[in-house]
>>> print(open('target-v8.json').read())   # JSON, N, CA and C atoms
[["chain", "number", "residue", "atom", "x", "y", "z"],
["A", 29, "MET", "N", 75.63, 88.31, 104.32],
["A", 29, "MET", "CA", 76.80, 88.84, 103.65],
["A", 29, "MET", "C", 77.82, 87.72, 103.46],
["A", 30, "GLN", "N", 78.25, 87.52, 102.23],
["A", 30, "GLN", "CA", 79.20, 86.47, 101.93],
["A", 30, "GLN", "C", 80.63, 86.99, 102.05],
["A", 31, "MET", "N", 81.51, 86.10, 102.50],
["A", 31, "MET", "CA", 82.92, 86.44, 102.55],
["A", 31, "MET", "C", 83.49, 86.34, 101.13],
["A", 32, "LYS", "N", 84.37, 87.23, 100.81],
["A", 32, "LYS", "CA", 85.01, 87.21, 99.50],
["A", 32, "LYS", "C", 86.13, 86.18, 99.49],
["A", 33, "THR", "N", 86.33, 85.59, 98.34],
["A", 33, "THR", "CA", 87.47, 84.69, 98.19],
["A", 33, "THR", "C", 88.74, 85.52, 98.10],
["A", 34, "SER", "N", 89.87, 84.87, 98.22],
["A", 34, "SER", "CA", 91.15, 85.58, 98.11],
["A", 34, "SER", "C", 91.29, 86.26, 96.76],
["A", 35, "LYS", "N", 90.88, 85.55, 95.69],
["A", 35, "LYS", "CA", 91.00, 86.14, 94.35],
["A", 35, "LYS", "C", 90.12, 87.37, 94.21],
["A", 36, "GLU", "N", 88.90, 87.30, 94.74],
["A", 36, "GLU", "CA", 88.00, 88.46, 94.67],
["A", 36, "GLU", "C", 88.58, 89.63, 95.46],
["A", 37, "PHE", "N", 89.11, 89.33, 96.63],
["A", 37, "PHE", "CA", 89.71, 90.37, 97.47],
["A", 37, "PHE", "C", 90.90, 91.02, 96.76],
["A", 38, "ILE", "N", 91.75, 90.19, 96.16],
["A", 38, "ILE", "CA", 92.92, 90.72, 95.45],
["A", 38, "ILE", "C", 92.47, 91.57, 94.26],
["A", 39, "ASN", "N", 91.52, 91.07, 93.48],
["A", 39, "ASN", "CA", 91.04, 91.83, 92.32],
["A", 39, "ASN", "C", 90.40, 93.15, 92.74],
["A", 40, "ASP", "N", 89.61, 93.14, 93.81],
["A", 40, "ASP", "CA", 89.00, 94.38, 94.31],
["A", 40, "ASP", "C", 90.06, 95.37, 94.78],
["A", 41, "THR", "N", 91.10, 94.85, 95.42],
["A", 41, "THR", "CA", 92.17, 95.73, 95.90],
["A", 41, "THR", "C", 92.93, 96.33, 94.73],
["A", 42, "ILE", "N", 93.18, 95.55, 93.70],
["A", 42, "ILE", "CA", 93.86, 96.07, 92.51],
["A", 42, "ILE", "C", 93.02, 97.17, 91.87],
["A", 43, "GLU", "N", 91.72, 96.98, 91.79],
["A", 43, "GLU", "CA", 90.84, 98.01, 91.24],
["A", 43, "GLU", "C", 90.88, 99.28, 92.09],
["A", 44, "LEU", "N", 90.93, 99.11, 93.40],
["A", 44, "LEU", "CA", 91.03, 100.26, 94.30],
["A", 44, "LEU", "C", 92.32, 101.04, 94.03],
["A", 45, "VAL", "N", 93.43, 100.33, 93.92],
["A", 45, "VAL", "CA", 94.72, 100.99, 93.68],
["A", 45, "VAL", "C", 94.73, 101.66, 92.31],
["A", 46, "LYS", "N", 94.11, 101.03, 91.31],
["A", 46, "LYS", "CA", 94.02, 101.66, 89.98],
["A", 46, "LYS", "C", 93.28, 102.99, 90.04],
["A", 47, "SER", "N", 92.32, 103.08, 90.94],
["A", 47, "SER", "CA", 91.52, 104.31, 91.04],
["A", 47, "SER", "C", 92.25, 105.44, 91.76],
["A", 48, "MET", "N", 93.37, 105.14, 92.39],
["A", 48, "MET", "CA", 94.14, 106.18, 93.08],
["A", 48, "MET", "C", 94.78, 107.10, 92.06],
["A", 49, "ASP", "N", 94.76, 108.39, 92.34],
["A", 49, "ASP", "CA", 95.18, 109.40, 91.38],
["A", 49, "ASP", "C", 96.69, 109.51, 91.18],
["A", 50, "ASP", "N", 97.43, 109.42, 92.25],
["A", 50, "ASP", "CA", 98.87, 109.65, 92.07],
["A", 50, "ASP", "C", 99.71, 108.50, 92.60],
["A", 51, "GLY", "N", 100.95, 108.47, 92.12],
["A", 51, "GLY", "CA", 101.87, 107.41, 92.46],
["A", 51, "GLY", "C", 102.22, 107.36, 93.93],
["A", 52, "LEU", "N", 102.27, 108.51, 94.59],
["A", 52, "LEU", "CA", 102.62, 108.55, 96.00],
["A", 52, "LEU", "C", 101.55, 107.85, 96.84],
["A", 53, "GLU", "N", 100.30, 108.07, 96.49],
["A", 53, "GLU", "CA", 99.20, 107.42, 97.20],
["A", 53, "GLU", "C", 99.28, 105.90, 97.01],
["A", 54, "ARG", "N", 99.56, 105.48, 95.79],
["A", 54, "ARG", "CA", 99.70, 104.05, 95.51],
["A", 54, "ARG", "C", 100.87, 103.46, 96.28],
["A", 55, "MET", "N", 102.00, 104.17, 96.27],
["A", 55, "MET", "CA", 103.18, 103.69, 96.97],
["A", 55, "MET", "C", 102.91, 103.54, 98.46],
["A", 56, "ASP", "N", 102.27, 104.53, 99.07],
["A", 56, "ASP", "CA", 101.94, 104.46, 100.49],
["A", 56, "ASP", "C", 101.05, 103.26, 100.79],
["A", 57, "PHE", "N", 100.07, 103.03, 99.93],
["A", 57, "PHE", "CA", 99.16, 101.90, 100.12],
["A", 57, "PHE", "C", 99.92, 100.58, 100.04],
["A", 58, "ILE", "N", 100.76, 100.43, 99.02],
["A", 58, "ILE", "CA", 101.52, 99.19, 98.85],
["A", 58, "ILE", "C", 102.50, 98.99, 100.00],
["A", 59, "GLU", "N", 103.10, 100.05, 100.48],
["A", 59, "GLU", "CA", 103.99, 99.94, 101.64],
["A", 59, "GLU", "C", 103.22, 99.48, 102.88],
["A", 60, "GLY", "N", 101.98, 99.95, 103.00],
["A", 60, "GLY", "CA", 101.14, 99.50, 104.11],
["A", 60, "GLY", "C", 100.84, 98.01, 104.04],
["A", 61, "ILE", "N", 100.61, 97.52, 102.84],
["A", 61, "ILE", "CA", 100.40, 96.07, 102.65],
["A", 61, "ILE", "C", 101.68, 95.32, 103.01],
["A", 62, "HIS", "N", 102.82, 95.87, 102.60],
["A", 62, "HIS", "CA", 104.11, 95.23, 102.93],
["A", 62, "HIS", "C", 104.29, 95.15, 104.44],
["A", 63, "GLU", "N", 103.96, 96.21, 105.14],
["A", 63, "GLU", "CA", 104.06, 96.21, 106.60],
["A", 63, "GLU", "C", 103.12, 95.17, 107.20],
["A", 64, "SER", "N", 101.95, 95.00, 106.61],
["A", 64, "SER", "CA", 101.01, 93.99, 107.08],
["A", 64, "SER", "C", 101.57, 92.58, 106.91],
["A", 65, "VAL", "N", 102.25, 92.35, 105.79],
["A", 65, "VAL", "CA", 102.88, 91.05, 105.56],
["A", 65, "VAL", "C", 103.94, 90.80, 106.62],
["A", 66, "GLU", "N", 104.80, 91.78, 106.84],
["A", 66, "GLU", "CA", 105.86, 91.64, 107.84],
["A", 66, "GLU", "C", 105.28, 91.40, 109.23],
["A", 67, "HIS", "N", 104.24, 92.12, 109.58],
["A", 67, "HIS", "CA", 103.59, 91.95, 110.88],
["A", 67, "HIS", "C", 102.99, 90.55, 111.02],
["A", 68, "ALA", "N", 102.32, 90.09, 109.97],
["A", 68, "ALA", "CA", 101.70, 88.77, 110.00],
["A", 68, "ALA", "C", 102.76, 87.68, 110.21],
["A", 69, "ILE", "N", 103.90, 87.83, 109.56],
["A", 69, "ILE", "CA", 104.98, 86.86, 109.73],
["A", 69, "ILE", "C", 105.53, 86.93, 111.16],
["A", 70, "TYR", "N", 105.79, 88.14, 111.64],
["A", 70, "TYR", "CA", 106.35, 88.34, 112.97],
["A", 70, "TYR", "C", 105.42, 87.79, 114.06],
["A", 71, "MET", "N", 104.12, 88.02, 113.89],
["A", 71, "MET", "CA", 103.15, 87.59, 114.90],
["A", 71, "MET", "C", 102.72, 86.13, 114.71],
["A", 72, "ARG", "N", 103.32, 85.47, 113.72],
["A", 72, "ARG", "CA", 103.05, 84.06, 113.45],
["A", 72, "ARG", "C", 101.56, 83.79, 113.18],
["A", 73, "TYR", "N", 101.02, 84.61, 112.29],
["A", 73, "TYR", "CA", 99.65, 84.38, 111.83],
["A", 73, "TYR", "C", 99.60, 83.02, 111.15],
["A", 74, "PRO", "N", 98.41, 82.47, 111.03],
["A", 74, "PRO", "CA", 98.29, 81.20, 110.30],
["A", 74, "PRO", "C", 98.86, 81.34, 108.89],
["A", 75, "LEU", "N", 99.48, 80.28, 108.41],
["A", 75, "LEU", "CA", 100.16, 80.31, 107.12],
["A", 75, "LEU", "C", 99.21, 80.75, 106.00],
["A", 76, "LYS", "N", 97.95, 80.35, 106.06],
["A", 76, "LYS", "CA", 97.00, 80.73, 105.02],
["A", 76, "LYS", "C", 96.86, 82.25, 104.94],
["A", 77, "GLN", "N", 96.77, 82.92, 106.09],
["A", 77, "GLN", "CA", 96.66, 84.39, 106.10],
["A", 77, "GLN", "C", 97.92, 85.04, 105.58],
["A", 78, "VAL", "N", 99.06, 84.55, 106.00],
["A", 78, "VAL", "CA", 100.34, 85.11, 105.53],
["A", 78, "VAL", "C", 100.44, 84.96, 104.02],
["A", 79, "ARG", "N", 100.05, 83.79, 103.53],
["A", 79, "ARG", "CA", 100.10, 83.54, 102.08],
["A", 79, "ARG", "C", 99.18, 84.50, 101.33],
["A", 80, "GLU", "N", 97.99, 84.78, 101.87],
["A", 80, "GLU", "CA", 97.06, 85.70, 101.22],
["A", 80, "GLU", "C", 97.63, 87.12, 101.17],
["A", 81, "TYR", "N", 98.22, 87.58, 102.28],
["A", 81, "TYR", "CA", 98.85, 88.90, 102.28],
["A", 81, "TYR", "C", 99.99, 88.95, 101.26],
["A", 82, "ARG", "N", 100.80, 87.90, 101.25],
["A", 82, "ARG", "CA", 101.94, 87.85, 100.34],
["A", 82, "ARG", "C", 101.48, 87.82, 98.88],
["A", 83, "ASP", "N", 100.43, 87.05, 98.60],
["A", 83, "ASP", "CA", 99.89, 87.02, 97.24],
["A", 83, "ASP", "C", 99.39, 88.39, 96.81],
["A", 84, "LEU", "N", 98.71, 89.07, 97.71],
["A", 84, "LEU", "CA", 98.22, 90.42, 97.41],
["A", 84, "LEU", "C", 99.39, 91.35, 97.12],
["A", 85, "LEU", "N", 100.39, 91.33, 97.96],
["A", 85, "LEU", "CA", 101.56, 92.19, 97.76],
["A", 85, "LEU", "C", 102.24, 91.89, 96.43],
["A", 86, "THR", "N", 102.39, 90.62, 96.11],
["A", 86, "THR", "CA", 103.01, 90.22, 94.84],
["A", 86, "THR", "C", 102.24, 90.77, 93.65],
["A", 87, "LYS", "N", 100.91, 90.62, 93.67],
["A", 87, "LYS", "CA", 100.08, 91.11, 92.56],
["A", 87, "LYS", "C", 100.17, 92.63, 92.45],
["A", 88, "LEU", "N", 100.17, 93.33, 93.58],
["A", 88, "LEU", "CA", 100.27, 94.79, 93.54],
["A", 88, "LEU", "C", 101.60, 95.24, 92.93],
["A", 89, "ILE", "N", 102.69, 94.58, 93.32],
["A", 89, "ILE", "CA", 103.99, 94.94, 92.79],
["A", 89, "ILE", "C", 104.06, 94.63, 91.30],
["A", 90, "LYS", "N", 103.51, 93.49, 90.88],
["A", 90, "LYS", "CA", 103.51, 93.15, 89.44],
["A", 90, "LYS", "C", 102.72, 94.16, 88.63],
["A", 91, "ASN", "N", 101.62, 94.66, 89.20],
["A", 91, "ASN", "CA", 100.76, 95.59, 88.47],
["A", 91, "ASN", "C", 101.22, 97.04, 88.53],
["A", 92, "PHE", "N", 101.83, 97.43, 89.64],
["A", 92, "PHE", "CA", 102.14, 98.85, 89.84],
["A", 92, "PHE", "C", 103.60, 99.15, 90.11],
["A", 93, "GLY", "N", 104.44, 98.15, 90.09],
["A", 93, "GLY", "CA", 105.85, 98.39, 90.34],
["A", 93, "GLY", "C", 106.13, 98.51, 91.84],
["A", 94, "HIS", "N", 107.33, 98.89, 92.14],
["A", 94, "HIS", "CA", 107.69, 99.04, 93.55],
["A", 94, "HIS", "C", 108.35, 100.37, 93.80]]
>>> encode(input="target-v8.json", output="structure tokens")
Amino acid sequence: MQMKTSKEFINDTIELVKSMDDGLERMDFIEGIHESVEHAIYMRYPLKQVREYRDLLTKLIKNFGH
């Protein structure tokens, strides 16, 4: 099993969110990603991981609003 690249992971996540039926479900999902970013920063995760979470959150907000 191969690990996905960050771009593949982000694109797959965007497709997942697109498949969600209502805005509330999307909003809850995006808020969960935001909490993950905050947690990663607080727990001093490696910068690469924090950057990947932040990139994902940025793409989700650009595609689906906030």
>>> select_by_dssp(input="target-v8.json", residues="chain A", states="helix (DSSP H, G or I)", output="VMD selection string")
chain A and resid 34 to 46 51 to 70 75 to 92
>>> write_last_selection(input="target-v8.json", atoms="N, CA and C atoms", output="compact mmCIF listing (two decimals), in the frame of the given file")
# COMPACT_ATOMS: atom_id res chain seq x y z
N SER A 34 89.87 84.87 98.22
CA SER A 34 91.15 85.58 98.11
C SER A 34 91.29 86.26 96.76
N LYS A 35 90.88 85.55 95.69
CA LYS A 35 91.00 86.14 94.35
C LYS A 35 90.12 87.37 94.21
N GLU A 36 88.90 87.30 94.74
CA GLU A 36 88.00 88.46 94.67
C GLU A 36 88.58 89.63 95.46
N PHE A 37 89.11 89.33 96.63
CA PHE A 37 89.71 90.37 97.47
C PHE A 37 90.90 91.02 96.76
N ILE A 38 91.75 90.19 96.16
CA ILE A 38 92.92 90.72 95.45
C ILE A 38 92.47 91.57 94.26
N ASN A 39 91.52 91.07 93.48
CA ASN A 39 91.04 91.83 92.32
C ASN A 39 90.40 93.15 92.74
N ASP A 40 89.61 93.14 93.81
CA ASP A 40 89.00 94.38 94.31
C ASP A 40 90.06 95.37 94.78
N THR A 41 91.10 94.85 95.42
CA THR A 41 92.17 95.73 95.90
C THR A 41 92.93 96.33 94.73
N ILE A 42 93.18 95.55 93.70
CA ILE A 42 93.86 96.07 92.51
C ILE A 42 93.02 97.17 91.87
N GLU A 43 91.72 96.98 91.79
CA GLU A 43 90.84 98.01 91.24
C GLU A 43 90.88 99.28 92.09
N LEU A 44 90.93 99.11 93.40
CA LEU A 44 91.03 100.26 94.30
C LEU A 44 92.32 101.04 94.03
N VAL A 45 93.43 100.33 93.92
CA VAL A 45 94.72 100.99 93.68
C VAL A 45 94.73 101.66 92.31
N LYS A 46 94.11 101.03 91.31
CA LYS A 46 94.02 101.66 89.98
C LYS A 46 93.28 102.99 90.04
N GLY A 51 100.95 108.47 92.12
CA GLY A 51 101.87 107.41 92.46
C GLY A 51 102.22 107.36 93.93
N LEU A 52 102.27 108.51 94.59
CA LEU A 52 102.62 108.55 96.00
C LEU A 52 101.55 107.85 96.84
N GLU A 53 100.30 108.07 96.49
CA GLU A 53 99.20 107.42 97.20
C GLU A 53 99.28 105.90 97.01
N ARG A 54 99.56 105.48 95.79
CA ARG A 54 99.70 104.05 95.51
C ARG A 54 100.87 103.46 96.28
N MET A 55 102.00 104.17 96.27
CA MET A 55 103.18 103.69 96.97
C MET A 55 102.91 103.54 98.46
N ASP A 56 102.27 104.53 99.07
CA ASP A 56 101.94 104.46 100.49
C ASP A 56 101.05 103.26 100.79
N PHE A 57 100.07 103.03 99.93
CA PHE A 57 99.16 101.90 100.12
C PHE A 57 99.92 100.58 100.04
N ILE A 58 100.76 100.43 99.02
CA ILE A 58 101.52 99.19 98.85
C ILE A 58 102.50 98.99 100.00
N GLU A 59 103.10 100.05 100.48
CA GLU A 59 103.99 99.94 101.64
C GLU A 59 103.22 99.48 102.88
N GLY A 60 101.98 99.95 103.00
CA GLY A 60 101.14 99.50 104.11
C GLY A 60 100.84 98.01 104.04
N ILE A 61 100.61 97.52 102.84
CA ILE A 61 100.40 96.07 102.65
C ILE A 61 101.68 95.32 103.01
N HIS A 62 102.82 95.87 102.60
CA HIS A 62 104.11 95.23 102.93
C HIS A 62 104.29 95.15 104.44
N GLU A 63 103.96 96.21 105.14
CA GLU A 63 104.06 96.21 106.60
C GLU A 63 103.12 95.17 107.20
N SER A 64 101.95 95.00 106.61
CA SER A 64 101.01 93.99 107.08
C SER A 64 101.57 92.58 106.91
N VAL A 65 102.25 92.35 105.79
CA VAL A 65 102.88 91.05 105.56
C VAL A 65 103.94 90.80 106.62
N GLU A 66 104.80 91.78 106.84
CA GLU A 66 105.86 91.64 107.84
C GLU A 66 105.28 91.40 109.23
N HIS A 67 104.24 92.12 109.58
CA HIS A 67 103.59 91.95 110.88
C HIS A 67 102.99 90.55 111.02
N ALA A 68 102.32 90.09 109.97
CA ALA A 68 101.70 88.77 110.00
C ALA A 68 102.76 87.68 110.21
N ILE A 69 103.90 87.83 109.56
CA ILE A 69 104.98 86.86 109.73
C ILE A 69 105.53 86.93 111.16
N TYR A 70 105.79 88.14 111.64
CA TYR A 70 106.35 88.34 112.97
C TYR A 70 105.42 87.79 114.06
N LEU A 75 99.48 80.28 108.41
CA LEU A 75 100.16 80.31 107.12
C LEU A 75 99.21 80.75 106.00
N LYS A 76 97.95 80.35 106.06
CA LYS A 76 97.00 80.73 105.02
C LYS A 76 96.86 82.25 104.94
N GLN A 77 96.77 82.92 106.09
CA GLN A 77 96.66 84.39 106.10
C GLN A 77 97.92 85.04 105.58
N VAL A 78 99.06 84.55 106.00
CA VAL A 78 100.34 85.11 105.53
C VAL A 78 100.44 84.96 104.02
N ARG A 79 100.05 83.79 103.53
CA ARG A 79 100.10 83.54 102.08
C ARG A 79 99.18 84.50 101.33
N GLU A 80 97.99 84.78 101.87
CA GLU A 80 97.06 85.70 101.22
C GLU A 80 97.63 87.12 101.17
N TYR A 81 98.22 87.58 102.28
CA TYR A 81 98.85 88.90 102.28
C TYR A 81 99.99 88.95 101.26
N ARG A 82 100.80 87.90 101.25
CA ARG A 82 101.94 87.85 100.34
C ARG A 82 101.48 87.82 98.88
N ASP A 83 100.43 87.05 98.60
CA ASP A 83 99.89 87.02 97.24
C ASP A 83 99.39 88.39 96.81
N LEU A 84 98.71 89.07 97.71
CA LEU A 84 98.22 90.42 97.41
C LEU A 84 99.39 91.35 97.12
N LEU A 85 100.39 91.33 97.96
CA LEU A 85 101.56 92.19 97.76
C LEU A 85 102.24 91.89 96.43
N THR A 86 102.39 90.62 96.11
CA THR A 86 103.01 90.22 94.84
C THR A 86 102.24 90.77 93.65
N LYS A 87 100.91 90.62 93.67
CA LYS A 87 100.08 91.11 92.56
C LYS A 87 100.17 92.63 92.45
N LEU A 88 100.17 93.33 93.58
CA LEU A 88 100.27 94.79 93.54
C LEU A 88 101.60 95.24 92.93
N ILE A 89 102.69 94.58 93.32
CA ILE A 89 103.99 94.94 92.79
C ILE A 89 104.06 94.63 91.30
N LYS A 90 103.51 93.49 90.88
CA LYS A 90 103.51 93.15 89.44
C LYS A 90 102.72 94.16 88.63
N ASN A 91 101.62 94.66 89.20
CA ASN A 91 100.76 95.59 88.47
C ASN A 91 101.22 97.04 88.53
N PHE A 92 101.83 97.43 89.64
CA PHE A 92 102.14 98.85 89.84
C PHE A 92 103.60 99.15 90.11
>>> atom_distance(input="target-v8.json", atom1="CA of Ile38 in chain A", atom2="CA of Asp83 in chain A")
8.1 Å
>>> atom_distance(input="target-v8.json", atom1="atom C of Ile58 in chain A", atom2="atom C of Leu88 in chain A")
8.1 Å
>>> atom_distance(input="target-v8.json", atom1="CA of Val78 in chain A", atom2="atom C of Glu66 in chain A")
8.8 Å
>>> residues_around(input="target-v8.json", residues="Phe57 in chain A", least_positions_apart="4", cutoff="8 Å", atoms="only C-alpha atoms", output="count of residues only")
3
>>> closest_residue(input="target-v8.json", among="A:Lys46, A:Met71, A:Arg79, A:Gly51", to="Asn91 in chain A", atoms="only C-alpha atoms")
A:Lys46
>>> residues_around(input="target-v8.json", residues="Arg54 in chain A", least_positions_apart="6", cutoff="10 Å", atoms="only C-alpha atoms", output="mmCIF file with N, CA and C atoms, keeping the file's coordinate frame")
data_model
loop_
_atom_site.group_PDB
_atom_site.id
_atom_site.type_symbol
_atom_site.label_atom_id
_atom_site.label_comp_id
_atom_site.auth_asym_id
_atom_site.auth_seq_id
_atom_site.Cartn_x
_atom_site.Cartn_y
_atom_site.Cartn_z
ATOM 1 N N LEU A 44 90.930 99.110 93.400
ATOM 2 C CA LEU A 44 91.030 100.260 94.300
ATOM 3 C C LEU A 44 92.320 101.040 94.030
ATOM 4 N N VAL A 45 93.430 100.330 93.920
ATOM 5 C CA VAL A 45 94.720 100.990 93.680
ATOM 6 C C VAL A 45 94.730 101.660 92.310
ATOM 7 N N LYS A 46 94.110 101.030 91.310
ATOM 8 C CA LYS A 46 94.020 101.660 89.980
ATOM 9 C C LYS A 46 93.280 102.990 90.040
ATOM 10 N N SER A 47 92.320 103.080 90.940
ATOM 11 C CA SER A 47 91.520 104.310 91.040
ATOM 12 C C SER A 47 92.250 105.440 91.760
ATOM 13 N N MET A 48 93.370 105.140 92.390
ATOM 14 C CA MET A 48 94.140 106.180 93.080
ATOM 15 C C MET A 48 94.780 107.100 92.060
ATOM 16 N N GLY A 60 101.980 99.950 103.000
ATOM 17 C CA GLY A 60 101.140 99.500 104.110
ATOM 18 C C GLY A 60 100.840 98.010 104.040
ATOM 19 N N LEU A 88 100.170 93.330 93.580
ATOM 20 C CA LEU A 88 100.270 94.790 93.540
ATOM 21 C C LEU A 88 101.600 95.240 92.930
ATOM 22 N N PHE A 92 101.830 97.430 89.640
ATOM 23 C CA PHE A 92 102.140 98.850 89.840
ATOM 24 C C PHE A 92 103.600 99.150 90.110
ATOM 25 N N GLY A 93 104.440 98.150 90.090
ATOM 26 C CA GLY A 93 105.850 98.390 90.340
ATOM 27 C C GLY A 93 106.130 98.510 91.840
ATOM 28 N N HIS A 94 107.330 98.890 92.140
ATOM 29 C CA HIS A 94 107.690 99.040 93.550
ATOM 30 C C HIS A 94 108.350 100.370 93.800
#
>>> residues_around(input="target-v8.json", residues="Glu80 in chain A", least_positions_apart="5", cutoff="7 Å", atoms="only N, CA and C atoms", output="ChimeraX atom specification")
/A:34,75,85
>>> axis_aligned_box(input="target-v8.json", around="range 72-83 of chain A", padding_each_side="8 Å", output="AutoDock Vina command-line options")
--center_x 100.0 --center_y 84.6 --center_z 105.3 --size_x 22.7 --size_y 24.7 --size_z 32.9
>>> decode(input="target-v8.json", residues="range 79-87 of chain A", atoms="all heavy atoms", output="PDB file, in the first residue's frame")
ATOM      1  N   ARG A  79       1.946  22.220   8.272  1.00  0.00           N
ATOM      2  CA  ARG A  79       1.760  22.841   6.958  1.00  0.00           C
ATOM      3  C   ARG A  79       0.741  22.065   6.127  1.00  0.00           C
ATOM      4  O   ARG A  79      -0.109  22.651   5.457  1.00  0.00           O
ATOM      5  CB  ARG A  79       3.093  22.911   6.229  1.00  0.00           C
ATOM      6  CG  ARG A  79       3.058  23.791   5.008  1.00  0.00           C
ATOM      7  CD  ARG A  79       4.430  23.968   4.379  1.00  0.00           C
ATOM      8  NE  ARG A  79       5.343  24.623   5.307  1.00  0.00           N
ATOM      9  CZ  ARG A  79       6.558  24.142   5.618  1.00  0.00           C
ATOM     10  NH1 ARG A  79       7.002  23.038   5.087  1.00  0.00           N
ATOM     11  NH2 ARG A  79       7.315  24.798   6.468  1.00  0.00           N
ATOM     12  N   GLU A  80       0.778  20.732   6.183  1.00  0.00           N
ATOM     13  CA  GLU A  80      -0.172  19.918   5.424  1.00  0.00           C
ATOM     14  C   GLU A  80      -1.600  20.133   5.926  1.00  0.00           C
ATOM     15  O   GLU A  80      -2.529  20.261   5.124  1.00  0.00           O
ATOM     16  CB  GLU A  80       0.211  18.443   5.500  1.00  0.00           C
ATOM     17  CG  GLU A  80       1.446  18.125   4.690  1.00  0.00           C
ATOM     18  CD  GLU A  80       1.939  16.703   4.862  1.00  0.00           C
ATOM     19  OE1 GLU A  80       1.391  15.948   5.690  1.00  0.00           O
ATOM     20  OE2 GLU A  80       2.898  16.347   4.154  1.00  0.00           O
ATOM     21  N   TYR A  81      -1.789  20.159   7.245  1.00  0.00           N
ATOM     22  CA  TYR A  81      -3.119  20.434   7.796  1.00  0.00           C
ATOM     23  C   TYR A  81      -3.600  21.819   7.369  1.00  0.00           C
ATOM     24  O   TYR A  81      -4.742  22.014   6.983  1.00  0.00           O
ATOM     25  CB  TYR A  81      -3.097  20.385   9.332  1.00  0.00           C
ATOM     26  CG  TYR A  81      -3.232  19.026   9.938  1.00  0.00           C
ATOM     27  CD1 TYR A  81      -2.261  18.535  10.804  1.00  0.00           C
ATOM     28  CD2 TYR A  81      -4.344  18.227   9.698  1.00  0.00           C
ATOM     29  CE1 TYR A  81      -2.382  17.287  11.390  1.00  0.00           C
ATOM     30  CE2 TYR A  81      -4.482  16.984  10.282  1.00  0.00           C
ATOM     31  CZ  TYR A  81      -3.501  16.516  11.128  1.00  0.00           C
ATOM     32  OH  TYR A  81      -3.629  15.291  11.702  1.00  0.00           O
ATOM     33  N   ARG A  82      -2.700  22.793   7.454  1.00  0.00           N
ATOM     34  CA  ARG A  82      -3.059  24.164   7.104  1.00  0.00           C
ATOM     35  C   ARG A  82      -3.399  24.286   5.618  1.00  0.00           C
ATOM     36  O   ARG A  82      -4.349  24.976   5.254  1.00  0.00           O
ATOM     37  CB  ARG A  82      -1.900  25.099   7.476  1.00  0.00           C
ATOM     38  CG  ARG A  82      -2.333  26.426   7.971  1.00  0.00           C
ATOM     39  CD  ARG A  82      -1.233  27.319   8.452  1.00  0.00           C
ATOM     40  NE  ARG A  82       0.076  27.019   7.941  1.00  0.00           N
ATOM     41  CZ  ARG A  82       1.195  27.066   8.668  1.00  0.00           C
ATOM     42  NH1 ARG A  82       1.147  27.395   9.929  1.00  0.00           N
ATOM     43  NH2 ARG A  82       2.362  26.779   8.124  1.00  0.00           N
ATOM     44  N   ASP A  83      -2.625  23.608   4.777  1.00  0.00           N
ATOM     45  CA  ASP A  83      -2.918  23.621   3.337  1.00  0.00           C
ATOM     46  C   ASP A  83      -4.288  23.014   3.054  1.00  0.00           C
ATOM     47  O   ASP A  83      -5.049  23.534   2.237  1.00  0.00           O
ATOM     48  CB  ASP A  83      -1.848  22.853   2.556  1.00  0.00           C
ATOM     49  CG  ASP A  83      -0.511  23.571   2.507  1.00  0.00           C
ATOM     50  OD1 ASP A  83      -0.455  24.772   2.861  1.00  0.00           O
ATOM     51  OD2 ASP A  83       0.482  22.921   2.113  1.00  0.00           O
ATOM     52  N   LEU A  84      -4.590  21.911   3.727  1.00  0.00           N
ATOM     53  CA  LEU A  84      -5.897  21.277   3.558  1.00  0.00           C
ATOM     54  C   LEU A  84      -7.007  22.228   3.974  1.00  0.00           C
ATOM     55  O   LEU A  84      -7.986  22.424   3.244  1.00  0.00           O
ATOM     56  CB  LEU A  84      -5.981  19.979   4.355  1.00  0.00           C
ATOM     57  CG  LEU A  84      -7.349  19.302   4.396  1.00  0.00           C
ATOM     58  CD1 LEU A  84      -7.827  18.938   2.993  1.00  0.00           C
ATOM     59  CD2 LEU A  84      -7.289  18.076   5.291  1.00  0.00           C
ATOM     60  N   LEU A  85      -6.869  22.839   5.124  1.00  0.00           N
ATOM     61  CA  LEU A  85      -7.885  23.772   5.613  1.00  0.00           C
ATOM     62  C   LEU A  85      -8.065  24.933   4.645  1.00  0.00           C
ATOM     63  O   LEU A  85      -9.193  25.319   4.319  1.00  0.00           O
ATOM     64  CB  LEU A  85      -7.508  24.291   7.002  1.00  0.00           C
ATOM     65  CG  LEU A  85      -8.491  25.265   7.643  1.00  0.00           C
ATOM     66  CD1 LEU A  85      -9.846  24.608   7.865  1.00  0.00           C
ATOM     67  CD2 LEU A  85      -7.926  25.788   8.963  1.00  0.00           C
ATOM     68  N   THR A  86      -6.968  25.479   4.145  1.00  0.00           N
ATOM     69  CA  THR A  86      -7.032  26.584   3.190  1.00  0.00           C
ATOM     70  C   THR A  86      -7.807  26.193   1.937  1.00  0.00           C
ATOM     71  O   THR A  86      -8.669  26.936   1.462  1.00  0.00           O
ATOM     72  CB  THR A  86      -5.603  27.050   2.816  1.00  0.00           C
ATOM     73  OG1 THR A  86      -4.948  27.481   4.008  1.00  0.00           O
ATOM     74  CG2 THR A  86      -5.629  28.177   1.803  1.00  0.00           C
ATOM     75  N   LYS A  87      -7.499  25.020   1.381  1.00  0.00           N
ATOM     76  CA  LYS A  87      -8.183  24.552   0.167  1.00  0.00           C
ATOM     77  C   LYS A  87      -9.669  24.336   0.437  1.00  0.00           C
ATOM     78  O   LYS A  87     -10.511  24.651  -0.399  1.00  0.00           O
ATOM     79  CB  LYS A  87      -7.567  23.255  -0.342  1.00  0.00           C
ATOM     80  CG  LYS A  87      -6.153  23.397  -0.797  1.00  0.00           C
ATOM     81  CD  LYS A  87      -6.089  23.915  -2.193  1.00  0.00           C
ATOM     82  CE  LYS A  87      -4.642  23.886  -2.621  1.00  0.00           C
ATOM     83  NZ  LYS A  87      -4.410  24.338  -3.941  1.00  0.00           N
TER      84      LYS A  87
END
